[in-house]
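A short worksheet on the structure shown next.
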Amino acid sequence: MSLLPILRWPDPRLAEICDPVAEITPDLCRLADDMLETMYAAPGRGLAAPQVGQMVRLFVMDTAWKEGPHAPQVFFNPSVAEVSDTLATQTEGCLSIPGVSAEVTRPDRVRLSWTDRSGAACSGWFEGFDAACVQHEMDHLEGRVTLDHLSDGARARVLAEYAEATS
């Protein structure tokens, strides 16, 4: 496994919609392993393929590893099947926009469908922080970043912080 460079906003690839994975190959499973290693080293809780320059519908996630044992998850061709009507606001950071965070409001529960690394079809509900993380990573697959969820004023504030953090 190896660490991958993480693209930083405003890299134009972060605004592209990703292509579906046609077949789960050993190379894509290696990419997922490299993404997990990169995510842990960053240190983050989720990482989408476009953040490492791979324009395919794949993301990895482990929301609990900082408080407990590693529990990595790999999602090929994920899609949102259902969301709750109840919204929650969470503070979100992004490995592609380092040094800043923003308050983002999203549904507090989401049911996702995906294919796992063995090719099995999966479906599951995610709640709380897990739901926010899943939706954040899904955004990356659709060419959206955290900034796209902010009001003009909040976006300007976060961009000013980002400019200061990266200068």
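Lettering and numbering for the structure tokens are positional, with chains as A, B, ... in the shown order, residues counted from 1 in each chain, and ligands counted from 1 in the shown order.
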- Which of chain A fall in alpha helix (DSSP H), as an MDAnalysis selection string: chainID A and resid 26:41 128:141 152:165
Using only C-alpha atoms, what table do you get, as JSON lines, when you list each residue of segment 10-64 of chain A with an atom no more than 9 Å from segment 108-118 of chain A, its nearest pair of atoms, and their distance in Å rounded to one decimal, rows by chain then rising number?
{"residue": "A:Ile24", "atom": "CA", "partner": "A:Arg117", "partner_atom": "CA", "distance": 6.8}
{"residue": "A:Thr25", "atom": "CA", "partner": "A:Arg117", "partner_atom": "CA", "distance": 8.8}
{"residue": "A:Leu28", "atom": "CA", "partner": "A:Arg117", "partner_atom": "CA", "distance": 8.7}
{"residue": "A:Cys29", "atom": "CA", "partner": "A:Arg117", "partner_atom": "CA", "distance": 6.5}
{"residue": "A:Ala32", "atom": "CA", "partner": "A:Arg117", "partner_atom": "CA", "distance": 8.7}
- Message: Which residues are close to Arg13 of chain A, i.e. within 10 Å by only C-alpha atoms, leaving aside same-chain residues fewer than 5 positions away? Reply as a ChimeraX atom specification.
- Response: /A:7-8,18,50-55,140,143
Write the residues of the preceding selection, restricted to all heavy atoms, as a PDB file, in the first residue's frame.
ATOM      1  N   LEU A   7      -5.763  15.911  -3.524  1.00  0.00           N
ATOM      2  CA  LEU A   7      -5.998  17.149  -4.269  1.00  0.00           C
ATOM      3  C   LEU A   7      -6.547  18.211  -3.323  1.00  0.00           C
ATOM      4  O   LEU A   7      -7.319  17.906  -2.422  1.00  0.00           O
ATOM      5  CB  LEU A   7      -7.006  16.925  -5.394  1.00  0.00           C
ATOM      6  CG  LEU A   7      -6.681  15.879  -6.446  1.00  0.00           C
ATOM      7  CD1 LEU A   7      -7.794  15.829  -7.486  1.00  0.00           C
ATOM      8  CD2 LEU A   7      -5.349  16.162  -7.094  1.00  0.00           C
ATOM      9  N   ARG A   8      -6.153  19.440  -3.576  1.00  0.00           N
ATOM     10  CA  ARG A   8      -6.651  20.554  -2.773  1.00  0.00           C
ATOM     11  C   ARG A   8      -7.527  21.456  -3.621  1.00  0.00           C
ATOM     12  O   ARG A   8      -7.242  21.693  -4.792  1.00  0.00           O
ATOM     13  CB  ARG A   8      -5.488  21.358  -2.191  1.00  0.00           C
ATOM     14  CG  ARG A   8      -4.752  20.564  -1.142  1.00  0.00           C
ATOM     15  CD  ARG A   8      -3.908  21.455  -0.316  1.00  0.00           C
ATOM     16  NE  ARG A   8      -3.338  20.688   0.784  1.00  0.00           N
ATOM     17  CZ  ARG A   8      -2.590  21.217   1.703  1.00  0.00           C
ATOM     18  NH1 ARG A   8      -2.287  22.497   1.667  1.00  0.00           N
ATOM     19  NH2 ARG A   8      -2.121  20.472   2.676  1.00  0.00           N
ATOM     20  N   CYS A  18     -18.161  11.883 -11.048  1.00  0.00           N
ATOM     21  CA  CYS A  18     -17.374  10.660 -11.260  1.00  0.00           C
ATOM     22  C   CYS A  18     -18.139   9.610 -12.053  1.00  0.00           C
ATOM     23  O   CYS A  18     -19.366   9.543 -12.013  1.00  0.00           O
ATOM     24  CB  CYS A  18     -16.972  10.078  -9.911  1.00  0.00           C
ATOM     25  SG  CYS A  18     -15.809  11.132  -9.033  1.00  0.00           S
ATOM     26  N   PRO A  50     -12.161  10.953  -6.137  1.00  0.00           N
ATOM     27  CA  PRO A  50     -11.727  12.174  -6.838  1.00  0.00           C
ATOM     28  C   PRO A  50     -10.750  13.020  -6.015  1.00  0.00           C
ATOM     29  O   PRO A  50      -9.975  13.786  -6.589  1.00  0.00           O
ATOM     30  CB  PRO A  50     -13.030  12.930  -7.116  1.00  0.00           C
ATOM     31  CG  PRO A  50     -14.032  12.347  -6.187  1.00  0.00           C
ATOM     32  CD  PRO A  50     -13.618  10.922  -5.972  1.00  0.00           C
ATOM     33  N   GLN A  51     -10.750  12.850  -4.697  1.00  0.00           N
ATOM     34  CA  GLN A  51      -9.805  13.598  -3.864  1.00  0.00           C
ATOM     35  C   GLN A  51      -8.366  13.139  -4.084  1.00  0.00           C
ATOM     36  O   GLN A  51      -7.437  13.848  -3.708  1.00  0.00           O
ATOM     37  CB  GLN A  51     -10.164  13.475  -2.388  1.00  0.00           C
ATOM     38  CG  GLN A  51     -11.459  14.174  -2.029  1.00  0.00           C
ATOM     39  CD  GLN A  51     -11.760  14.015  -0.567  1.00  0.00           C
ATOM     40  OE1 GLN A  51     -12.353  13.023  -0.157  1.00  0.00           O
ATOM     41  NE2 GLN A  51     -11.331  14.988   0.226  1.00  0.00           N
ATOM     42  N   VAL A  52      -8.204  11.963  -4.683  1.00  0.00           N
ATOM     43  CA  VAL A  52      -6.864  11.479  -5.015  1.00  0.00           C
ATOM     44  C   VAL A  52      -6.695  11.379  -6.536  1.00  0.00           C
ATOM     45  O   VAL A  52      -5.850  10.647  -7.035  1.00  0.00           O
ATOM     46  CB  VAL A  52      -6.531  10.144  -4.306  1.00  0.00           C
ATOM     47  CG1 VAL A  52      -6.457  10.348  -2.792  1.00  0.00           C
ATOM     48  CG2 VAL A  52      -7.516   9.039  -4.659  1.00  0.00           C
ATOM     49  N   GLY A  53      -7.546  12.117  -7.261  1.00  0.00           N
ATOM     50  CA  GLY A  53      -7.397  12.221  -8.707  1.00  0.00           C
ATOM     51  C   GLY A  53      -7.954  11.064  -9.506  1.00  0.00           C
ATOM     52  O   GLY A  53      -7.710  10.967 -10.708  1.00  0.00           O
ATOM     53  N   GLN A  54      -8.729  10.189  -8.868  1.00  0.00           N
ATOM     54  CA  GLN A  54      -9.329   9.047  -9.564  1.00  0.00           C
ATOM     55  C   GLN A  54     -10.824   9.316  -9.711  1.00  0.00           C
ATOM     56  O   GLN A  54     -11.546   9.371  -8.720  1.00  0.00           O
ATOM     57  CB  GLN A  54      -9.096   7.750  -8.779  1.00  0.00           C
ATOM     58  CG  GLN A  54      -7.634   7.442  -8.572  1.00  0.00           C
ATOM     59  CD  GLN A  54      -6.911   7.229  -9.880  1.00  0.00           C
ATOM     60  OE1 GLN A  54      -7.380   6.479 -10.742  1.00  0.00           O
ATOM     61  NE2 GLN A  54      -5.773   7.881 -10.048  1.00  0.00           N
ATOM     62  N   MET A  55     -11.288   9.486 -10.922  1.00  0.00           N
ATOM     63  CA  MET A  55     -12.645   9.960 -11.170  1.00  0.00           C
ATOM     64  C   MET A  55     -13.643   8.809 -11.296  1.00  0.00           C
ATOM     65  O   MET A  55     -14.342   8.651 -12.298  1.00  0.00           O
ATOM     66  CB  MET A  55     -12.654  10.864 -12.403  1.00  0.00           C
ATOM     67  CG  MET A  55     -11.643  12.007 -12.342  1.00  0.00           C
ATOM     68  SD  MET A  55     -11.657  12.934 -10.778  1.00  0.00           S
ATOM     69  CE  MET A  55     -13.254  13.693 -10.847  1.00  0.00           C
ATOM     70  N   HIS A 140     -18.574  14.516  -2.970  1.00  0.00           N
ATOM     71  CA  HIS A 140     -17.346  14.502  -3.775  1.00  0.00           C
ATOM     72  C   HIS A 140     -17.561  13.739  -5.080  1.00  0.00           C
ATOM     73  O   HIS A 140     -17.034  14.134  -6.123  1.00  0.00           O
ATOM     74  CB  HIS A 140     -16.193  13.881  -2.997  1.00  0.00           C
ATOM     75  CG  HIS A 140     -15.551  14.801  -2.025  1.00  0.00           C
ATOM     76  ND1 HIS A 140     -14.931  15.975  -2.397  1.00  0.00           N
ATOM     77  CD2 HIS A 140     -15.418  14.716  -0.676  1.00  0.00           C
ATOM     78  CE1 HIS A 140     -14.450  16.575  -1.334  1.00  0.00           C
ATOM     79  NE2 HIS A 140     -14.741  15.844  -0.269  1.00  0.00           N
ATOM     80  N   GLY A 143     -19.094  15.979  -7.592  1.00  0.00           N
ATOM     81  CA  GLY A 143     -18.395  17.212  -7.934  1.00  0.00           C
ATOM     82  C   GLY A 143     -18.705  18.374  -7.007  1.00  0.00           C
ATOM     83  O   GLY A 143     -18.546  19.530  -7.395  1.00  0.00           O
TER      84      GLY A 143
END
- Go through A:Leu4, A:Ala64, A:Leu14, A:Ala41 one by one, measure the shortest atom-to-atom distance of each to Phe129 of chain A using only C-alpha atoms, and give the residue with the smallest value.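 Nearest candidate to Phe129 of chain A out of A:Leu4, A:Ala64, A:Leu14, A:Ala41: A:Ala64.
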- Counting only C-alpha atoms, what is within 12 Å of Val104 of chain A, bar same-chain residues fewer than 3 positions away, as a list in words?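 My reading of the contact set: Leu87, Ala88, Thr89, Gln90, Thr91, Glu92, Gly93, Cys94, Ser101, Pro107, Asp108, Phe129, Ala132, Cys133, Gln135, His136, Val145, Thr146, Leu147, Asp148, His149, Leu150, Ser151, Ala154 and Arg155 of chain A.
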Take the residues from that selection and put them in a file with N, CA and C atoms, as an mmCIF file, in the first residue's frame.
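Output saved as selection-v6.cif:
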data_model
loop_
_atom_site.group_PDB
_atom_site.id
_atom_site.type_symbol
_atom_site.label_atom_id
_atom_site.label_comp_id
_atom_site.auth_asym_id
_atom_site.auth_seq_id
_atom_site.Cartn_x
_atom_site.Cartn_y
_atom_site.Cartn_z
ATOM 1 N N LEU A 87 -33.368 17.211 9.857
ATOM 2 C CA LEU A 87 -32.045 17.734 9.512
ATOM 3 C C LEU A 87 -31.201 17.896 10.770
ATOM 4 N N ALA A 88 -29.905 17.837 10.589
ATOM 5 C CA ALA A 88 -28.950 18.075 11.672
ATOM 6 C C ALA A 88 -27.786 18.878 11.114
ATOM 7 N N THR A 89 -27.240 19.742 11.952
ATOM 8 C CA THR A 89 -26.083 20.542 11.555
ATOM 9 C C THR A 89 -24.855 19.990 12.262
ATOM 10 N N GLN A 90 -23.822 19.727 11.485
ATOM 11 C CA GLN A 90 -22.553 19.194 12.007
ATOM 12 C C GLN A 90 -21.418 20.081 11.521
ATOM 13 N N THR A 91 -20.346 20.100 12.288
ATOM 14 C CA THR A 91 -19.127 20.756 11.840
ATOM 15 C C THR A 91 -18.378 19.772 10.958
ATOM 16 N N GLU A 92 -18.099 20.185 9.724
ATOM 17 C CA GLU A 92 -17.418 19.312 8.775
ATOM 18 C C GLU A 92 -16.093 19.926 8.350
ATOM 19 N N GLY A 93 -15.090 19.077 8.283
ATOM 20 C CA GLY A 93 -13.820 19.430 7.680
ATOM 21 C C GLY A 93 -13.678 18.623 6.408
ATOM 22 N N CYS A 94 -12.671 18.948 5.618
ATOM 23 C CA CYS A 94 -12.453 18.234 4.360
ATOM 24 C C CYS A 94 -10.954 18.144 4.112
ATOM 25 N N SER A 101 -13.047 24.434 8.835
ATOM 26 C CA SER A 101 -14.255 23.634 8.984
ATOM 27 C C SER A 101 -15.452 24.553 8.816
ATOM 28 N N PRO A 107 -29.636 15.884 6.068
ATOM 29 C CA PRO A 107 -30.510 14.914 6.726
ATOM 30 C C PRO A 107 -29.729 14.128 7.787
ATOM 31 N N ASP A 108 -30.385 13.829 8.909
ATOM 32 C CA ASP A 108 -29.673 13.165 10.007
ATOM 33 C C ASP A 108 -29.618 11.642 9.863
ATOM 34 N N PHE A 129 -23.208 11.387 12.892
ATOM 35 C CA PHE A 129 -21.964 11.731 12.213
ATOM 36 C C PHE A 129 -21.714 10.826 11.008
ATOM 37 N N ALA A 132 -23.602 12.187 8.114
ATOM 38 C CA ALA A 132 -22.945 13.379 7.560
ATOM 39 C C ALA A 132 -21.735 12.981 6.727
ATOM 40 N N CYS A 133 -20.947 12.016 7.214
ATOM 41 C CA CYS A 133 -19.743 11.588 6.497
ATOM 42 C C CYS A 133 -20.112 10.937 5.160
ATOM 43 N N GLN A 135 -22.770 11.441 3.354
ATOM 44 C CA GLN A 135 -23.263 12.473 2.438
ATOM 45 C C GLN A 135 -22.128 13.375 1.951
ATOM 46 N N HIS A 136 -21.164 13.660 2.816
ATOM 47 C CA HIS A 136 -19.995 14.465 2.437
ATOM 48 C C HIS A 136 -19.225 13.754 1.319
ATOM 49 N N VAL A 145 -18.215 20.183 -3.038
ATOM 50 C CA VAL A 145 -17.402 20.240 -1.812
ATOM 51 C C VAL A 145 -18.204 20.977 -0.747
ATOM 52 N N THR A 146 -17.713 20.954 0.467
ATOM 53 C CA THR A 146 -18.379 21.593 1.599
ATOM 54 C C THR A 146 -18.771 23.030 1.283
ATOM 55 N N LEU A 147 -17.893 23.758 0.609
ATOM 56 C CA LEU A 147 -18.149 25.164 0.287
ATOM 57 C C LEU A 147 -19.461 25.351 -0.462
ATOM 58 N N ASP A 148 -19.864 24.357 -1.240
ATOM 59 C CA ASP A 148 -21.070 24.462 -2.047
ATOM 60 C C ASP A 148 -22.349 24.451 -1.204
ATOM 61 N N HIS A 149 -22.241 24.112 0.072
ATOM 62 C CA HIS A 149 -23.399 24.066 0.971
ATOM 63 C C HIS A 149 -23.546 25.341 1.794
ATOM 64 N N LEU A 150 -22.623 26.274 1.643
ATOM 65 C CA LEU A 150 -22.590 27.445 2.525
ATOM 66 C C LEU A 150 -23.251 28.664 1.897
ATOM 67 N N SER A 151 -23.768 29.525 2.764
ATOM 68 C CA SER A 151 -24.264 30.824 2.303
ATOM 69 C C SER A 151 -23.072 31.632 1.795
ATOM 70 N N ALA A 154 -20.890 32.789 4.795
ATOM 71 C CA ALA A 154 -20.132 31.692 5.407
ATOM 72 C C ALA A 154 -19.031 31.208 4.463
ATOM 73 N N ARG A 155 -19.330 31.153 3.184
ATOM 74 C CA ARG A 155 -18.328 30.725 2.193
ATOM 75 C C ARG A 155 -17.160 31.712 2.170
#
